[in-house]
Amino acid sequence: MSTPTDRIVRHSASERVNHWLVAILFFLAASGGLALFHPYFFPLTALLGGGTWTRILHPFIGVLLFLAFAVLAARLAGDNRLTASDLQWLRQAGDVINKREDKLPEAGRYNAGQKSLFWVMSGTLFLLLVSGIIFWQPWFAPYFSVEAIRVAVVVHGVAAFILMAGLVVHVYAAFWIKGSIQGMTRGTVSRAWVRKFHPAWHRQITRGE
Amino acid sequence: MESQSLDITGQSATTTASPRQRRTPEIAKLIDVSKCIGCKACQVACMEWNDLRDDIGACAGVYDNPPDLSGASWTVMRYVEVEPEPGRLEWLIRKDGCMHCADPGCLMACPAPGAIVQYSNGIVDFHQENCIGCGYCITGCPFNIPRLSGKDGKAYKCTLCSGRVAVGLEPACIKACPTGALMFGTKEAMKRHAAERILDLNRRGFKKAGLYDPPGVNGTHVMYVLHHADRPSLYSGLPGEPRLGAWMEFWKGAAKPVASWLLGLTVFTGFLHYITVGPNEVEEDEETARSGEKS
């Protein structure tokens with residue numbers, strides 16, 4: 001049974017909890033990371049209780065973030081496989097940012113932008129975990145050479161930069177495409193929203209109904 | 001971490017200029033390896049003056065004791081037997097500790113504002129009350145000097161007795177040296193003295209004797225007179241060409257401002273997009289039109 005104005009479940013309650021856990025951990029990890037990256041951001045150490053607490057907590061938050069993301073990623077990976085039409089979607093980035101959805105290849109549950117971001121997040125978080133362990137004081141850093149640590153800090157910084165830039169896009173896109181945020185707060189989106197932004201997914205759903 | 005009376009010219013994680021109205025003479029410690037007898041009086045004096053007592057360790061089978069620098073051992077003698085030429089055995093002894101670089105890698109790498117400072121006389125000092133214990137100073141140091149203490153998680157190293165120097169005294173190790181292998185004065189005076197010593201060593205057959213004041217870190221305020229200045233690595237791995245290295249220079253150089261600006265720019269681009277293109281909404285009439293189609 002469906003009425004034209006009914007709402008479609010986009011994310012289950014446990015997916016939402018998982019997502020927001022990742023979001024909170026990301027916010028704390030990113031704040032601490034920025035604080036230790038450039039003195040301009042050093043005041044952000046106040047969020048975690050000062051410089052030394054930031055140094056102590058940041059790696060643990062990072063590991064929790066990785067684990068929370070890994071669980072979310074395992075759940076969503078199936079819907080994030082890139083296809084040939086996704087590549088076409090990405091090539092039409094101009095149509096995307098100018099709201100010409102009708103010209104784009106039909107997106108499934110996630111569009112090519114979301115899928116790309118998913119893989120960027122997966123890759124950078126993995127790099128952040130591995131490189132971060134290499135210079136985690138005082139537990140692991142003493143086991144690595146200073147040369148390895150010098151490479152690791154740069155890898156950590158570059159991966160974090162890509163991830164943060166990606167997150168800016170993620171947050172902005174959610175804000176820009178009206179009706180999206182409810183998909184992650186209430187868990188449902190309107191049928192018209194699905195039809196407009198994820199037509200292939202809509203067909204899939206209606207076939208099932 | 002004393003000597004606020006000294007002028008600070010550089011501070012870690014600080015992007016604006018430090019006070020620099022006054023100029024103090026650049027000082028230097030000169031370690032004449034050829035005169036050192038390895039008595040460790042300097043180590044003892046360092047412990048005494050700085051009131052440090054390292055944990056009692058075990059004999060590692062060599063003279064080096066303690067075997068390495070630590071939070072409570074800011075200078076150690078390193079002993080090595082080498083054959084610079086076949087059949088010629090030499091016992092080289094080097095007092096290891098902070099070199100007080102003119103371009104200090106530790107200070108550049110440190111993310112905590114004011115945890116590492118550089119005085120106008122050339123001394124590089126750690127202010128432990130600002131230290132967060134991240135170990136970046138170790139990553140930045142080309143000489144492998146700073147050590148995190150297991151007791152408090154803070155980084156420590158030789159202060160060049162900044163407190164003594166501030167009131168016109170020489171560092172404690174200099175005071176204790178019985179052979180004159182350790183000298184202290186202005187950097188210029190130490191260079192002059194070193195030149196005389198090098199001439200003497202040359203005359204005595206050490207043709208490659210020379211001063212170790214590496215240009216890769218823009219010179220140091222602890223210098224060595226080496227009998228084999230062409231091969232510093234003979235002296236328990238003293239680096240031949242100490243420098244920050246490309247990774248460190250990128251991370252602590254361009255990466256910091258460029259990445260920060262780009263992140264800000266990304267946010268600003270989103271803002272511009274929103275106020276020009278506008279929100280992407282599901283039109284109300286589209287919804288009713290579609291629902292009309294359907295029913």
# chains A, B, ... in the order shown; residues from 1 in each chain; ligands from 1
>>> closest_atom_pairs(of="chain A", to="chain B", cutoff="8 Å", atoms="only C-alpha atoms", output="Markdown table")
| residue | atom | partner | partner_atom | distance |
| --- | --- | --- | --- | --- |
| A:Pro4 | CA | B:Ser291 | CA | 5.4 |
| A:Thr5 | CA | B:Ser291 | CA | 7.8 |
| A:Leu36 | CA | B:Pro111 | CA | 5.3 |
| A:Phe37 | CA | B:Pro111 | CA | 6.7 |
| A:His38 | CA | B:Lys256 | CA | 5.8 |
| A:Pro39 | CA | B:Ala13 | CA | 5.2 |
| A:Phe42 | CA | B:Ala112 | CA | 7.7 |
| A:Gly51 | CA | B:Ile132 | CA | 5.5 |
| A:Thr52 | CA | B:Ile132 | CA | 4.2 |
| A:Trp53 | CA | B:Ile132 | CA | 7.9 |
| A:Arg55 | CA | B:Cys134 | CA | 6.0 |
| A:Ile97 | CA | B:Val277 | CA | 7.9 |
| A:Asn98 | CA | B:Val277 | CA | 6.5 |
| A:Lys99 | CA | B:Asn280 | CA | 6.5 |
| A:Trp136 | CA | B:Cys134 | CA | 7.9 |
| A:Gln137 | CA | B:Cys134 | CA | 6.1 |
| A:Pro138 | CA | B:Gly153 | CA | 7.8 |
| A:Val146 | CA | B:Thr139 | CA | 5.8 |
| A:Ile149 | CA | B:Thr139 | CA | 6.7 |
| A:Arg150 | CA | B:Trp247 | CA | 6.1 |
| A:Val151 | CA | B:Trp247 | CA | 6.3 |
| A:Val153 | CA | B:Trp251 | CA | 7.6 |
| A:Val154 | CA | B:Trp251 | CA | 5.8 |
| A:Gly157 | CA | B:Trp251 | CA | 7.7 |
| A:Phe161 | CA | B:Ala259 | CA | 6.7 |
| A:Met164 | CA | B:Leu263 | CA | 7.5 |
| A:Ala165 | CA | B:Leu263 | CA | 6.0 |
| A:Val168 | CA | B:Val267 | CA | 6.4 |
| A:Val169 | CA | B:Gly270 | CA | 7.7 |
| A:Tyr172 | CA | B:Gly270 | CA | 6.5 |
| A:Trp176 | CA | B:Pro279 | CA | 5.0 |
| A:Ile177 | CA | B:Asn280 | CA | 4.7 |
| A:Lys178 | CA | B:Glu281 | CA | 5.1 |
| A:Gly179 | CA | B:Glu281 | CA | 7.6 |
| A:Ala192 | CA | B:Glu287 | CA | 5.6 |
| A:Trp193 | CA | B:Val282 | CA | 5.9 |
| A:Lys196 | CA | B:Val282 | CA | 7.1 |
>>> select_by_dssp(residues="stretch 21-117 of chain B", states="alpha helix (DSSP H)", output="MDAnalysis selection string")
chainID B and resid 41:50 105:109
>>> closest_residue(among="A:Leu67, A:Ala160, A:Leu125, A:Ile133", to="A:Gly32", atoms="only C-alpha atoms")
A:Ala160
>>> atom_distance(atom1="atom CA of B:Gly97", atom2="atom CA of B:Ala166")
19.9 Å
>>> residues_around(residues="stretch 221-232 of chain B", least_positions_apart="6", cutoff="8 Å", atoms="only C-alpha atoms", output="VMD selection string")
chain B and resid 27 to 34 98 to 102 122 to 123 187 194 197 to 198 201 206 to 213 238 to 240
>>> residues_around(residues="stretch 127-132 of chain A", least_positions_apart="3", cutoff="12 Å", atoms="only C-alpha atoms", output="ChimeraX atom specification")
/A:26,29-30,33,55,58-67,69-70,120-124,135-137,139-141,144,148-164 /B:134
>>> write_last_selection(atoms="N, CA and C atoms", output="tab-separated table (two decimals), in the first residue's frame")
chain	number	residue	atom	x	y	z
A	26	PHE	N	34.05	11.80	14.07
A	26	PHE	CA	34.80	12.53	13.04
A	26	PHE	C	35.01	13.97	13.47
A	29	ALA	N	37.68	14.02	16.14
A	29	ALA	CA	39.00	13.66	15.60
A	29	ALA	C	39.53	14.78	14.70
A	30	ALA	N	38.64	15.34	13.88
A	30	ALA	CA	39.07	16.40	12.96
A	30	ALA	C	39.47	17.66	13.72
A	33	GLY	N	42.77	17.01	15.27
A	33	GLY	CA	43.80	16.91	14.23
A	33	GLY	C	44.17	18.28	13.68
A	55	ARG	N	46.29	15.44	22.56
A	55	ARG	CA	47.30	14.47	22.13
A	55	ARG	C	46.95	13.06	22.62
A	58	HIS	N	43.09	12.07	20.86
A	58	HIS	CA	42.93	12.05	19.40
A	58	HIS	C	43.13	10.65	18.78
A	59	PRO	N	44.20	9.93	19.14
A	59	PRO	CA	44.37	8.61	18.52
A	59	PRO	C	43.28	7.61	18.90
A	60	PHE	N	42.82	7.66	20.15
A	60	PHE	CA	41.77	6.73	20.56
A	60	PHE	C	40.46	7.05	19.83
A	61	ILE	N	40.17	8.35	19.71
A	61	ILE	CA	38.97	8.76	18.96
A	61	ILE	C	39.09	8.28	17.52
A	62	GLY	N	40.31	8.41	16.97
A	62	GLY	CA	40.55	7.99	15.59
A	62	GLY	C	40.28	6.51	15.39
A	63	VAL	N	40.73	5.70	16.33
A	63	VAL	CA	40.53	4.25	16.22
A	63	VAL	C	39.03	3.94	16.32
A	64	LEU	N	38.34	4.59	17.26
A	64	LEU	CA	36.89	4.37	17.39
A	64	LEU	C	36.17	4.80	16.11
A	65	LEU	N	36.62	5.94	15.56
A	65	LEU	CA	36.03	6.43	14.32
A	65	LEU	C	36.20	5.39	13.22
A	66	PHE	N	37.41	4.85	13.12
A	66	PHE	CA	37.66	3.85	12.07
A	66	PHE	C	36.74	2.65	12.25
A	67	LEU	N	36.61	2.18	13.49
A	67	LEU	CA	35.79	0.99	13.74
A	67	LEU	C	34.31	1.28	13.44
A	69	PHE	N	33.14	3.52	11.48
A	69	PHE	CA	32.97	3.68	10.03
A	69	PHE	C	33.02	2.31	9.34
A	70	ALA	N	33.90	1.43	9.82
A	70	ALA	CA	34.03	0.11	9.19
A	70	ALA	C	32.69	-0.63	9.25
A	120	VAL	N	36.28	7.41	-1.07
A	120	VAL	CA	37.32	8.34	-0.59
A	120	VAL	C	37.42	8.26	0.94
A	121	MET	N	36.26	8.23	1.61
A	121	MET	CA	36.28	8.12	3.07
A	121	MET	C	36.89	6.80	3.51
A	122	SER	N	36.51	5.72	2.85
A	122	SER	CA	37.06	4.41	3.23
A	122	SER	C	38.56	4.40	3.08
A	123	GLY	N	39.04	4.89	1.93
A	123	GLY	CA	40.49	4.87	1.67
A	123	GLY	C	41.26	5.77	2.61
A	124	THR	N	40.77	7.00	2.79
A	124	THR	CA	41.52	7.93	3.63
A	124	THR	C	41.49	7.49	5.10
A	135	PHE	N	52.95	6.94	14.30
A	135	PHE	CA	53.52	7.99	15.17
A	135	PHE	C	52.68	8.24	16.42
A	136	TRP	N	52.01	7.17	16.88
A	136	TRP	CA	51.21	7.25	18.10
A	136	TRP	C	52.14	7.14	19.31
A	137	GLN	N	52.31	8.29	19.99
A	137	GLN	CA	53.14	8.32	21.20
A	137	GLN	C	52.28	8.05	22.42
A	139	TRP	N	52.90	4.79	22.59
A	139	TRP	CA	52.71	3.34	22.48
A	139	TRP	C	53.41	2.71	21.30
A	140	PHE	N	53.24	3.28	20.11
A	140	PHE	CA	53.74	2.59	18.92
A	140	PHE	C	54.92	3.29	18.24
A	141	ALA	N	54.98	4.61	18.36
A	141	ALA	CA	56.02	5.37	17.65
A	141	ALA	C	57.44	4.85	17.95
A	144	PHE	N	59.02	2.47	15.43
A	144	PHE	CA	59.25	2.84	14.03
A	144	PHE	C	60.42	3.79	13.91
A	148	ALA	N	60.41	6.54	8.82
A	148	ALA	CA	59.04	6.04	8.62
A	148	ALA	C	58.03	7.04	9.19
A	149	ILE	N	58.36	7.60	10.36
A	149	ILE	CA	57.45	8.54	11.01
A	149	ILE	C	57.29	9.81	10.18
A	150	ARG	N	58.40	10.26	9.58
A	150	ARG	CA	58.33	11.48	8.77
A	150	ARG	C	57.42	11.29	7.57
A	151	VAL	N	57.44	10.11	6.98
A	151	VAL	CA	56.53	9.84	5.86
A	151	VAL	C	55.10	9.72	6.40
A	152	ALA	N	54.96	9.05	7.54
A	152	ALA	CA	53.62	8.80	8.09
A	152	ALA	C	52.89	10.10	8.43
A	153	VAL	N	53.61	11.07	9.00
A	153	VAL	CA	52.92	12.32	9.37
A	153	VAL	C	52.40	13.04	8.12
A	154	VAL	N	53.16	12.95	7.03
A	154	VAL	CA	52.71	13.61	5.80
A	154	VAL	C	51.52	12.86	5.21
A	155	VAL	N	51.60	11.53	5.20
A	155	VAL	CA	50.47	10.73	4.70
A	155	VAL	C	49.22	11.03	5.53
A	156	HIS	N	49.41	11.11	6.85
A	156	HIS	CA	48.30	11.39	7.76
A	156	HIS	C	47.66	12.75	7.43
A	157	GLY	N	48.53	13.74	7.22
A	157	GLY	CA	48.04	15.08	6.94
A	157	GLY	C	47.32	15.16	5.60
A	158	VAL	N	47.90	14.54	4.57
A	158	VAL	CA	47.29	14.60	3.24
A	158	VAL	C	45.96	13.85	3.24
A	159	ALA	N	45.94	12.66	3.85
A	159	ALA	CA	44.70	11.88	3.90
A	159	ALA	C	43.62	12.65	4.68
A	160	ALA	N	44.03	13.28	5.78
A	160	ALA	CA	43.06	14.04	6.59
A	160	ALA	C	42.52	15.22	5.80
A	161	PHE	N	43.38	15.86	5.03
A	161	PHE	CA	42.94	17.00	4.23
A	161	PHE	C	41.90	16.56	3.20
A	162	ILE	N	42.20	15.45	2.51
A	162	ILE	CA	41.25	14.95	1.50
A	162	ILE	C	39.92	14.58	2.16
A	163	LEU	N	40.02	13.91	3.31
A	163	LEU	CA	38.81	13.50	4.03
A	163	LEU	C	37.98	14.71	4.46
A	164	MET	N	38.65	15.72	4.99
A	164	MET	CA	37.92	16.89	5.48
A	164	MET	C	37.28	17.65	4.33
B	134	CYS	N	53.55	15.05	22.22
B	134	CYS	CA	53.22	14.39	20.95
B	134	CYS	C	54.43	13.74	20.29
>>> residues_around(residues="stretch 73-79 of chain A", least_positions_apart="4", cutoff="9 Å", atoms="only C-alpha atoms", output="list in words")
Glu15, Ala68, Phe69, Gly108, Arg109, Tyr110, Lys115, Phe118, Trp119 and Ser122 of chain A
>>> write_last_selection(atoms="N, CA and C atoms", output="short mmCIF file (atom, residue, chain, number, x, y, z; two decimals), in the first residue's frame")
data_model
loop_
_atom_site.label_atom_id
_atom_site.label_comp_id
_atom_site.auth_asym_id
_atom_site.auth_seq_id
_atom_site.Cartn_x
_atom_site.Cartn_y
_atom_site.Cartn_z
N GLU A 15 21.19 2.21 11.41
CA GLU A 15 22.10 2.88 10.46
C GLU A 15 22.28 4.34 10.85
N ALA A 68 33.84 2.44 13.92
CA ALA A 68 32.43 2.79 13.68
C ALA A 68 32.17 2.92 12.18
N PHE A 69 33.14 3.52 11.48
CA PHE A 69 32.97 3.68 10.03
C PHE A 69 33.02 2.31 9.34
N GLY A 108 20.90 5.32 -8.55
CA GLY A 108 20.27 4.29 -7.72
C GLY A 108 20.15 4.80 -6.30
N ARG A 109 20.28 3.90 -5.34
CA ARG A 109 20.10 4.29 -3.94
C ARG A 109 21.09 5.41 -3.57
N TYR A 110 22.30 5.31 -4.12
CA TYR A 110 23.28 6.39 -3.94
C TYR A 110 23.75 6.83 -5.31
N LYS A 115 28.76 7.78 -3.92
CA LYS A 115 29.58 6.56 -3.97
C LYS A 115 31.07 6.92 -3.94
N PHE A 118 32.05 7.85 -0.60
CA PHE A 118 32.11 6.66 0.25
C PHE A 118 33.49 6.01 0.14
N TRP A 119 33.98 5.86 -1.09
CA TRP A 119 35.28 5.20 -1.28
C TRP A 119 36.43 6.10 -0.86
N SER A 122 36.51 5.72 2.85
CA SER A 122 37.06 4.41 3.23
C SER A 122 38.56 4.40 3.08
#
>>> residues_around(residues="B:Ile93", least_positions_apart="2", cutoff="8 Å", atoms="only C-alpha atoms", output="list in words")
Val33, Cys36, Ile37, Gly38, Met77, Arg78, Tyr79, Val80, Trp91, Lys95 and Tyr235 of chain B
>>> select_by_dssp(residues="chain A", states="strand (DSSP E or B)", output="list in words")
Arg7, Ile8, Val9, Ile177, Thr188, Val189 and Ser190 of chain A
>>> atom_distance(atom1="atom CA of A:Ala112", atom2="atom CA of A:Met184")
18.6 Å
>>> closest_residue(among="A:Glu106, A:Asp6, A:Glu147, A:Asp95", to="A:Gln204", atoms="only C-alpha atoms")
A:Glu106
>>> closest_residue(among="B:Ser70, B:Ser120, B:Asn65, B:Thr75", to="B:Pro19", atoms="only C-alpha atoms")
B:Ser120
